[in-house]
file start.txt (compact mmCIF, C-alpha atoms)
# COMPACT_ATOMS: atom_id res chain seq x y z
CA MET A 1 -10.47 6.44 50.81
CA ASN A 2 -13.19 4.19 49.37
CA ARG A 3 -14.68 1.66 51.74
CA ALA A 4 -12.88 -1.69 51.81
CA ARG A 5 -12.46 -4.87 53.80
CA LEU A 6 -9.74 -5.10 56.43
CA ARG A 7 -7.40 -7.19 54.28
CA ASP A 8 -7.82 -4.78 51.36
CA LEU A 9 -5.96 -2.31 53.58
CA GLY A 10 -3.07 -4.71 54.05
CA LEU A 11 -4.21 -5.45 57.61
CA SER A 12 -5.24 -8.73 59.21
CA VAL A 13 -5.76 -10.46 62.53
CA GLY A 14 -4.65 -13.87 63.73
CA SER A 15 -2.49 -16.49 62.04
CA LEU A 16 -4.87 -19.00 60.44
CA PRO A 17 -5.51 -18.64 56.69
CA PRO A 18 -8.90 -17.35 55.51
CA GLY A 19 -11.06 -19.20 53.01
CA PRO A 20 -11.25 -18.07 49.36
CA LEU A 21 -13.99 -15.50 50.08
CA ASN A 22 -13.04 -14.84 53.70
CA ALA A 23 -16.77 -15.13 54.46
CA ILE A 24 -19.24 -17.45 56.11
CA THR A 25 -20.24 -18.58 52.61
CA ASP A 26 -16.89 -20.36 52.35
CA VAL A 27 -18.73 -23.14 54.19
CA ALA A 28 -20.23 -25.12 51.32
CA GLY A 29 -24.00 -24.82 50.90
CA LEU A 30 -24.43 -21.63 52.94
CA ARG A 31 -26.28 -18.67 51.49
CA VAL A 32 -26.76 -15.17 52.87
CA GLY A 33 -29.45 -12.67 51.88
CA HIS A 34 -30.13 -9.06 52.86
CA GLU A 35 -33.09 -6.74 52.56
CA SER A 36 -32.40 -3.12 53.52
CA ILE A 37 -34.98 -0.40 54.17
CA ILE A 38 -33.77 3.19 53.87
CA ARG A 39 -36.40 5.92 53.66
CA ASP A 40 -37.18 9.31 55.18
CA SER A 41 -40.99 9.42 55.08
CA PRO A 42 -43.47 8.98 56.58
CA ALA A 43 -40.85 8.04 59.18
CA THR A 44 -37.06 7.86 59.07
CA VAL A 45 -36.10 4.22 58.63
CA ARG A 46 -32.61 2.73 58.53
CA SER A 47 -33.34 -0.94 59.09
CA GLY A 48 -33.65 -4.33 57.45
CA VAL A 49 -33.13 -8.05 57.81
CA THR A 50 -30.31 -10.50 57.08
CA VAL A 51 -30.86 -14.24 56.65
CA ILE A 52 -28.42 -17.14 56.82
CA VAL A 53 -29.67 -20.21 54.97
CA PRO A 54 -27.64 -23.42 55.44
CA GLU A 55 -27.78 -26.57 53.35
CA GLU A 56 -28.62 -24.77 50.09
CA GLY A 57 -32.14 -24.07 51.30
CA GLU A 58 -32.89 -27.61 52.44
CA ILE A 59 -32.48 -26.72 56.11
CA TRP A 60 -36.21 -27.12 56.80
CA GLN A 61 -35.97 -30.84 56.02
CA ARG A 62 -32.27 -31.54 56.64
CA HIS A 63 -31.60 -30.40 60.19
CA LEU A 64 -28.16 -29.62 61.55
CA PHE A 65 -26.49 -29.97 64.94
CA ALA A 66 -26.23 -26.60 66.66
CA ASP A 67 -26.11 -24.86 70.01
CA ALA A 68 -25.73 -21.35 71.38
CA HIS A 69 -24.16 -19.29 74.14
CA VAL A 70 -25.48 -16.14 75.80
CA LEU A 71 -22.62 -13.97 77.06
CA ASN A 72 -24.94 -11.19 78.25
CA GLY A 73 -28.68 -11.46 78.03
CA ASN A 74 -30.04 -7.98 77.33
CA GLY A 75 -31.12 -9.20 73.91
CA GLU A 76 -33.25 -11.78 72.15
CA MET A 77 -32.98 -14.82 69.92
CA THR A 78 -36.27 -16.63 69.39
CA GLY A 79 -36.23 -20.40 69.14
CA LEU A 80 -33.25 -20.61 71.48
CA SER A 81 -34.89 -22.90 74.04
CA PHE A 82 -35.79 -25.46 71.36
CA LEU A 83 -32.31 -25.22 69.87
CA GLN A 84 -30.65 -25.87 73.21
CA GLU A 85 -33.08 -28.65 74.16
CA PHE A 86 -32.69 -30.69 70.97
CA GLY A 87 -29.36 -29.47 69.63
CA LEU A 88 -30.86 -28.98 66.18
CA MET A 89 -31.10 -26.06 63.79
CA CYS A 90 -34.28 -26.63 61.80
CA GLY A 91 -34.55 -23.53 59.61
CA PRO A 92 -32.78 -20.37 58.48
CA LEU A 93 -31.59 -17.78 60.98
CA ALA A 94 -32.61 -14.14 60.59
CA ILE A 95 -31.07 -11.04 62.21
CA THR A 96 -32.88 -7.71 62.40
CA GLY A 97 -33.66 -4.72 64.63
CA THR A 98 -35.17 -5.16 68.09
CA HIS A 99 -38.71 -4.04 67.29
CA SER A 100 -38.82 -6.19 64.14
CA ILE A 101 -38.51 -9.56 65.91
CA GLY A 102 -42.24 -10.33 65.59
CA ALA A 103 -42.56 -9.44 61.91
CA VAL A 104 -39.44 -11.39 60.98
CA HIS A 105 -40.66 -14.39 62.98
CA GLU A 106 -43.94 -14.25 61.06
CA GLY A 107 -42.04 -13.89 57.79
CA LEU A 108 -40.03 -17.06 58.40
CA VAL A 109 -43.14 -19.03 59.40
CA SER A 110 -45.19 -17.84 56.42
CA TYR A 111 -42.35 -18.53 53.98
CA GLU A 112 -41.98 -22.04 55.36
CA LEU A 113 -45.71 -22.70 55.14
CA ALA A 114 -45.93 -21.36 51.59
CA GLY A 115 -43.05 -23.61 50.56
CA GLY A 116 -44.66 -26.68 52.01
CA PHE A 117 -41.76 -27.25 54.38
CA ALA A 118 -43.66 -27.07 57.67
CA PHE A 119 -44.50 -30.09 59.75
CA ASP A 120 -46.45 -29.79 63.01
CA PHE A 121 -44.88 -26.55 64.23
CA CYS A 122 -42.21 -24.00 63.52
CA LEU A 123 -39.96 -22.19 66.01
CA PRO A 124 -37.79 -19.87 63.88
CA LEU A 125 -34.46 -18.43 64.95
CA VAL A 126 -34.65 -14.63 64.92
CA ALA A 127 -31.99 -12.49 66.62
CA GLU A 128 -31.83 -8.73 67.11
CA THR A 129 -29.74 -5.71 67.92
CA PHE A 130 -31.21 -2.23 68.47
CA ASP A 131 -31.16 0.18 65.51
CA GLY A 132 -33.41 2.77 67.15
CA TRP A 133 -30.79 5.52 67.31
CA LEU A 134 -30.74 5.99 63.54
CA SER A 135 -34.07 4.38 62.68
CA ASP A 136 -37.48 5.25 64.12
CA PRO A 137 -38.45 2.01 65.92
CA SER A 138 -42.12 3.03 66.12
CA ALA A 139 -42.35 2.82 62.30
CA LEU A 140 -42.36 -1.01 62.48
CA ALA A 141 -40.92 -0.87 58.98
CA VAL A 142 -39.69 -4.44 58.60
CA ARG A 143 -42.57 -6.66 57.49
CA PRO A 144 -42.85 -10.38 56.63
CA GLU A 145 -42.50 -9.61 52.92
CA HIS A 146 -39.04 -8.18 53.56
CA VAL A 147 -38.04 -11.52 55.07
CA HIS A 148 -39.36 -13.30 51.98
CA ALA A 149 -37.31 -10.96 49.78
CA ALA A 150 -34.14 -11.63 51.80
CA LEU A 151 -34.69 -15.38 51.59
CA LYS A 152 -35.24 -15.23 47.83
CA ALA A 153 -32.13 -13.06 47.46
CA ALA A 154 -29.97 -15.38 49.57
CA LYS A 155 -26.95 -16.62 47.60
CA ASP A 156 -23.50 -18.03 47.99
CA GLY A 157 -20.39 -16.09 47.03
CA PRO A 158 -19.26 -12.73 48.46
CA VAL A 159 -21.41 -11.27 51.24
CA ALA A 160 -22.40 -7.60 51.33
CA GLU A 161 -21.14 -5.98 54.54
CA GLY A 162 -21.49 -2.78 56.56
CA ASN A 163 -24.79 -0.93 56.81
CA VAL A 164 -26.85 -3.49 54.92
CA GLY A 165 -29.74 -5.79 55.84
CA GLY A 166 -30.18 -6.18 59.59
CA GLY A 167 -27.04 -4.12 60.10
CA THR A 168 -28.33 -1.05 58.26
CA GLY A 169 -28.82 1.11 61.34
CA MET A 170 -26.12 -0.32 63.61
CA ASN A 171 -23.07 1.34 65.24
CA THR A 172 -19.97 -0.20 66.83
CA HIS A 173 -17.39 1.45 69.09
CA GLU A 174 -19.00 4.79 68.16
CA PHE A 175 -18.44 4.29 64.42
CA LYS A 176 -20.91 3.17 61.76
CA ALA A 177 -20.94 -0.60 61.45
CA GLY A 178 -23.45 -3.40 60.81
CA VAL A 179 -22.88 -6.78 59.18
CA GLY A 180 -19.43 -8.33 58.78
CA THR A 181 -18.08 -11.76 57.97
CA ALA A 182 -14.81 -13.71 57.80
CA SER A 183 -13.59 -17.31 57.62
CA ARG A 184 -10.68 -19.55 58.51
CA LEU A 185 -9.28 -22.87 57.27
CA VAL A 186 -8.23 -25.37 59.93
CA GLU A 187 -6.38 -28.68 59.83
CA VAL A 188 -7.84 -31.15 62.34
CA ALA A 189 -7.50 -34.94 62.44
CA GLY A 190 -5.62 -34.97 59.14
CA GLU A 191 -8.32 -33.13 57.20
CA SER A 192 -9.01 -29.51 56.29
CA TRP A 193 -12.15 -27.85 57.59
CA THR A 194 -13.74 -24.47 56.92
CA LEU A 195 -15.20 -22.22 59.61
CA GLY A 196 -17.02 -18.97 58.95
CA VAL A 197 -18.51 -16.25 61.14
CA LEU A 198 -21.09 -13.55 60.43
CA VAL A 199 -21.79 -10.78 62.94
CA GLN A 200 -24.32 -8.02 63.35
CA ALA A 201 -22.32 -5.59 65.49
CA ASN A 202 -23.91 -2.76 67.49
CA TYR A 203 -21.92 -2.24 70.70
CA GLY A 204 -18.88 -0.69 72.35
CA ARG A 205 -17.14 2.53 73.41
CA ARG A 206 -14.63 4.32 71.19
CA HIS A 207 -11.67 4.10 73.54
CA GLN A 208 -12.02 0.31 73.85
CA LEU A 209 -11.62 -0.45 70.13
CA ARG A 210 -8.55 -2.53 69.29
CA LEU A 211 -7.14 -4.24 66.22
CA ASP A 212 -4.92 -7.23 66.91
CA GLY A 213 -4.00 -5.61 70.23
CA ARG A 214 -3.43 -2.09 68.86
CA ALA A 215 -5.41 0.72 70.52
CA ILE A 216 -7.19 2.10 67.45
CA GLY A 217 -10.17 3.84 69.05
CA ALA A 218 -8.09 5.87 71.48
CA ALA A 219 -6.04 7.19 68.55
CA ILE A 220 -9.19 8.49 66.77
CA PRO A 221 -10.83 10.63 69.47
CA THR A 222 -14.35 11.99 69.14
CA THR A 223 -12.86 15.46 68.64
CA ASP A 224 -11.60 14.16 65.27
CA VAL A 225 -14.48 11.85 64.33
CA PRO A 226 -17.65 12.61 66.32
CA SER A 227 -19.49 9.91 68.21
CA PRO A 228 -23.07 9.11 67.21
CA TRP A 229 -24.04 9.74 70.84
CA PRO A 230 -24.12 13.11 72.61
CA MET A 231 -22.99 11.32 75.77
CA PRO A 232 -20.91 8.12 76.12
CA ARG A 233 -22.99 4.96 76.51
CA ASP A 234 -22.19 1.34 77.25
CA GLU A 235 -25.33 -0.38 76.03
CA GLY A 236 -25.38 -2.24 72.73
CA SER A 237 -25.40 -5.76 71.35
CA ILE A 238 -23.76 -8.19 68.99
CA ILE A 239 -25.02 -11.35 67.33
CA ALA A 240 -22.41 -13.81 66.02
CA VAL A 241 -23.24 -16.86 63.92
CA VAL A 242 -20.53 -19.51 63.54
CA ALA A 243 -20.77 -22.13 60.78
CA THR A 244 -18.41 -25.00 60.03
CA ASP A 245 -18.28 -28.10 57.88
CA ALA A 246 -16.30 -29.88 60.59
CA PRO A 247 -18.45 -32.73 61.98
CA LEU A 248 -19.47 -31.70 65.48
CA LEU A 249 -22.03 -32.70 68.09
CA PRO A 250 -24.32 -30.09 69.68
CA HIS A 251 -22.24 -29.66 72.83
CA GLN A 252 -19.20 -29.06 70.65
CA CYS A 253 -21.11 -26.40 68.72
CA ARG A 254 -21.84 -24.72 72.05
CA ARG A 255 -18.15 -24.72 72.85
CA LEU A 256 -17.45 -22.99 69.54
CA ALA A 257 -20.20 -20.43 70.19
CA GLN A 258 -18.62 -19.57 73.53
CA ARG A 259 -15.36 -18.62 71.81
CA ALA A 260 -17.08 -15.92 69.74
CA GLY A 261 -17.10 -13.87 72.94
CA MET A 262 -13.32 -14.01 72.99
CA GLY A 263 -13.22 -12.52 69.51
CA VAL A 264 -15.52 -9.73 70.67
CA ALA A 265 -13.22 -9.13 73.66
CA ARG A 266 -10.15 -8.94 71.41
CA THR A 267 -11.90 -6.13 69.52
CA GLY A 268 -12.67 -4.27 72.75
CA GLY A 269 -16.14 -5.51 73.70
CA ILE A 270 -16.81 -6.00 77.39
CA ALA A 271 -20.38 -7.42 77.33
CA ALA A 272 -21.67 -4.38 79.20
CA PRO A 273 -24.64 -4.78 81.58
CA ALA A 274 -27.10 -3.40 79.00
CA SER A 275 -25.65 -5.41 76.12
CA GLY A 276 -27.16 -8.40 74.36
CA ASP A 277 -24.34 -10.69 73.25
CA ILE A 278 -25.73 -13.92 71.80
CA PHE A 279 -23.73 -16.42 69.74
CA LEU A 280 -24.87 -19.49 67.80
CA ALA A 281 -22.78 -22.20 66.13
CA PHE A 282 -23.85 -24.97 63.79
CA SER A 283 -22.16 -27.76 61.86
CA THR A 284 -23.01 -29.01 58.39
CA GLY A 285 -20.93 -32.13 59.02
CA ASN A 286 -23.97 -34.22 60.03
CA VAL A 287 -27.51 -34.07 58.70
CA HIS A 288 -30.63 -35.19 60.58
CA SER A 289 -33.48 -35.93 58.18
CA ALA A 290 -36.80 -34.65 59.50
CA ALA A 291 -38.55 -37.45 57.63
CA GLU A 292 -36.59 -40.07 59.56
CA ASP A 293 -36.91 -38.76 63.10
CA LYS A 294 -37.68 -42.15 64.65
CA GLN A 295 -34.90 -44.14 63.03
CA LEU A 296 -31.41 -44.93 64.19
CA HIS A 297 -28.85 -42.38 63.00
CA ASN A 298 -25.09 -42.44 62.69
CA ALA A 299 -23.00 -39.35 63.35
CA ARG A 300 -19.38 -38.38 62.73
CA PHE A 301 -17.64 -36.04 65.13
CA LEU A 302 -14.21 -34.78 66.01
CA PRO A 303 -12.76 -35.62 69.43
CA ASP A 304 -13.34 -32.91 72.04
CA MET A 305 -9.63 -32.64 72.72
CA ALA A 306 -8.95 -31.89 69.03
CA LEU A 307 -10.99 -28.68 68.84
CA ALA A 308 -8.27 -26.15 69.70
CA GLY A 309 -7.77 -25.13 66.08
CA LEU A 310 -11.49 -24.55 65.60
CA PHE A 311 -11.60 -22.49 68.80
CA GLN A 312 -8.80 -20.31 67.44
CA ALA A 313 -10.65 -20.02 64.12
CA VAL A 314 -13.80 -18.76 65.85
CA ILE A 315 -11.87 -16.12 67.79
CA GLU A 316 -9.95 -14.86 64.77
CA ALA A 317 -12.93 -14.90 62.38
CA THR A 318 -15.16 -13.10 64.89
CA GLU A 319 -12.59 -10.36 65.41
CA GLU A 320 -12.10 -9.93 61.67
CA SER A 321 -15.86 -10.01 61.01
CA ILE A 322 -16.32 -7.05 63.35
CA TRP A 323 -13.55 -5.18 61.60
CA ASN A 324 -15.01 -5.94 58.19
CA ALA A 325 -18.32 -4.52 59.40
CA LEU A 326 -16.52 -1.35 60.50
CA CYS A 327 -14.41 -1.02 57.36
CA ALA A 328 -17.27 -1.63 54.92
CA ALA A 329 -19.85 0.62 56.61
CA GLU A 330 -20.48 4.11 55.25
CA THR A 331 -21.36 7.28 57.16
CA MET A 332 -25.12 7.44 57.67
CA THR A 333 -27.52 10.13 58.87
CA GLY A 334 -30.80 8.94 60.33
CA ARG A 335 -33.67 10.03 62.55
CA GLU A 336 -33.59 13.55 64.00
CA GLY A 337 -30.48 14.30 61.94
CA ARG A 338 -28.29 11.94 63.97
CA THR A 339 -25.12 10.92 62.13
CA SER A 340 -22.94 7.88 62.63
CA TYR A 341 -19.55 8.35 60.96
CA ALA A 342 -17.57 5.61 59.26
CA ILE A 343 -14.14 4.88 60.64
CA PRO A 344 -11.58 6.70 58.45
CA LEU A 345 -9.71 3.94 56.67
CA ASP A 346 -6.64 6.03 55.95
CA ARG A 347 -6.30 6.79 59.67
CA LEU A 348 -6.92 3.15 60.56
CA LYS A 349 -4.21 1.99 58.17
CA GLU A 350 -1.78 4.60 59.44
CA ILE A 351 -2.34 3.79 63.12
CA ALA A 352 -2.28 0.03 62.63
CA SER A 353 0.92 0.18 60.60
CA THR A 354 2.95 2.08 63.22
call {"tool": "encode", "arguments": {"input": "start.txt", "output": "structure tokens"}}
result
Amino acid sequence: MNRARLRDLGLSVGSLPPGPLNAITDVAGLRVGHESIIRDSPATVRSGVTVIVPEEGEIWQRHLFADAHVLNGNGEMTGLSFLQEFGLMCGPLAITGTHSIGAVHEGLVSYELAGGFAFDFCLPLVAETFDGWLSDPSALAVRPEHVHAALKAAKDGPVAEGNVGGGTGMNTHEFKAGVGTASRLVEVAGESWTLGVLVQANYGRRHQLRLDGRAIGAAIPTTDVPSPWPMPRDEGSIIAVVATDAPLLPHQCRRLAQRAGMGVARTGGIAAPASGDIFLAFSTGNVHSAAEDKQLHNARFLPDMALAGLFQAVIEATEESIWNALCAAETMTGREGRTSYAIPLDRLKEIAST
């Protein structure tokens, strides 16, 4: 069966309706760009970078309320201390492989400087998961120019998923995975709001994998579809980025970010001791102009007690994003002949339909 998204198989999770694209780009103004690096010499590389650019590229000068949550800290997101101190997202967010953090950080800074966006300093948001099983991490293949390419390629509309961009070399629940996205529409306070999630998934054991409560992984044992690993392992990571046009304050964004962990848990993730599970949420519902940082500002926000629908949206969209990453990813062979197999969609559909 050709690769497809979860809903293309007639399967879904949750009860809230998705947006038109069922992607984070359903939130108006958001753009996503990928740059993938796949080569076999002089080193085997299966890596890349993915960027999320809010506010149609004006994010450097039109800052957004945001906050984050660390479920398990064996991972990295640069710029997190500034984000949590000020509650502001002041630039694009990039996701890559662990050893590429520095180069991607430099790429975001240099792009900002070249565009004339920078003020006194820049603390970019760069998150990672480890792609070193399929990609030689010593190659240091991702360079600042790859970040520039991803930023220039960033666009609205459908988002490429699976082993693409930062997700190129990633595995989830012992299947090939990578980048996935989904969205939900929510009615709150008499208005309709859009919430989208994008994940870079690289975690989990086979037997833990579930779809809407169904034990999928246990029904596809490694005797049928081999694991990427010669021995079972618990370490791994996931980055989830939550975006919404609902007007929220920073502490409310943090509360949304926390719920991404519940979506991971519904899929079978347990935030293992050697896992890096970091989630960020931002709202486009208020804009803080960097040129007016000493003036009085007005902000709109939903009441804290009215956020239940948005919490549900985060959980459902995170779960479906992980599944879209699994369904879209293709079997890949990487360094030292290691192979990560795609989940068989015909088997998935059969198991989930019984």
call {"tool": "atom_distance", "arguments": {"input": "start.txt", "atom1": "atom CA of A:Thr318", "atom2": "atom CA of A:Asp224"}}
result
27.5 Å
call {"tool": "closest_residue", "arguments": {"input": "start.txt", "among": "A:His207, A:Val109, A:Leu6, A:Ile37", "to": "A:Pro232", "atoms": "all atoms listed in the file"}}
result
A:His207
call {"tool": "residues_around", "arguments": {"input": "start.txt", "residues": "A:Asn22", "least_positions_apart": "6", "cutoff": "12 Å", "atoms": "only C-alpha atoms", "output": "list in words"}}
result
Arg5, Leu6, Arg7, Asp8, Ser12, Leu16, Gly157, Pro158, Val159, Gly180, Thr181, Ala182, Ser183, Arg184, Leu185, Thr194, Leu195, Gly196, Val197, Leu198, Ala313, Glu316, Ala317, Thr318, Glu320, Ser321 and Asn324 of chain A
call {"tool": "write_last_selection", "arguments": {"input": "start.txt", "atoms": "C-alpha atoms", "output": "CSV table (one decimal), keeping the file's coordinate frame"}}
result
chain,number,residue,atom,x,y,z
A,5,ARG,CA,-12.5,-4.9,53.8
A,6,LEU,CA,-9.7,-5.1,56.4
A,7,ARG,CA,-7.4,-7.2,54.3
A,8,ASP,CA,-7.8,-4.8,51.4
A,12,SER,CA,-5.2,-8.7,59.2
A,16,LEU,CA,-4.9,-19.0,60.4
A,157,GLY,CA,-20.4,-16.1,47.0
A,158,PRO,CA,-19.3,-12.7,48.5
A,159,VAL,CA,-21.4,-11.3,51.2
A,180,GLY,CA,-19.4,-8.3,58.8
A,181,THR,CA,-18.1,-11.8,58.0
A,182,ALA,CA,-14.8,-13.7,57.8
A,183,SER,CA,-13.6,-17.3,57.6
A,184,ARG,CA,-10.7,-19.6,58.5
A,185,LEU,CA,-9.3,-22.9,57.3
A,194,THR,CA,-13.7,-24.5,56.9
A,195,LEU,CA,-15.2,-22.2,59.6
A,196,GLY,CA,-17.0,-19.0,59.0
A,197,VAL,CA,-18.5,-16.2,61.1
A,198,LEU,CA,-21.1,-13.6,60.4
A,313,ALA,CA,-10.6,-20.0,64.1
A,316,GLU,CA,-10.0,-14.9,64.8
A,317,ALA,CA,-12.9,-14.9,62.4
A,318,THR,CA,-15.2,-13.1,64.9
A,320,GLU,CA,-12.1,-9.9,61.7
A,321,SER,CA,-15.9,-10.0,61.0
A,324,ASN,CA,-15.0,-5.9,58.2
call {"tool": "atom_distance", "arguments": {"input": "start.txt", "atom1": "atom CA of A:Ile278", "atom2": "atom CA of A:Val199"}}
result
10.2 Å
call {"tool": "closest_residue", "arguments": {"input": "start.txt", "among": "A:Gly79, A:Pro17, A:Pro137, A:Gly263", "to": "A:Pro92", "atoms": "only C-alpha atoms"}}
result
A:Gly79
call {"tool": "closest_residue", "arguments": {"input": "start.txt", "among": "A:Ile95, A:Leu113, A:Leu9, A:Met231", "to": "A:Ala150", "atoms": "all atoms listed in the file"}}
result
A:Ile95
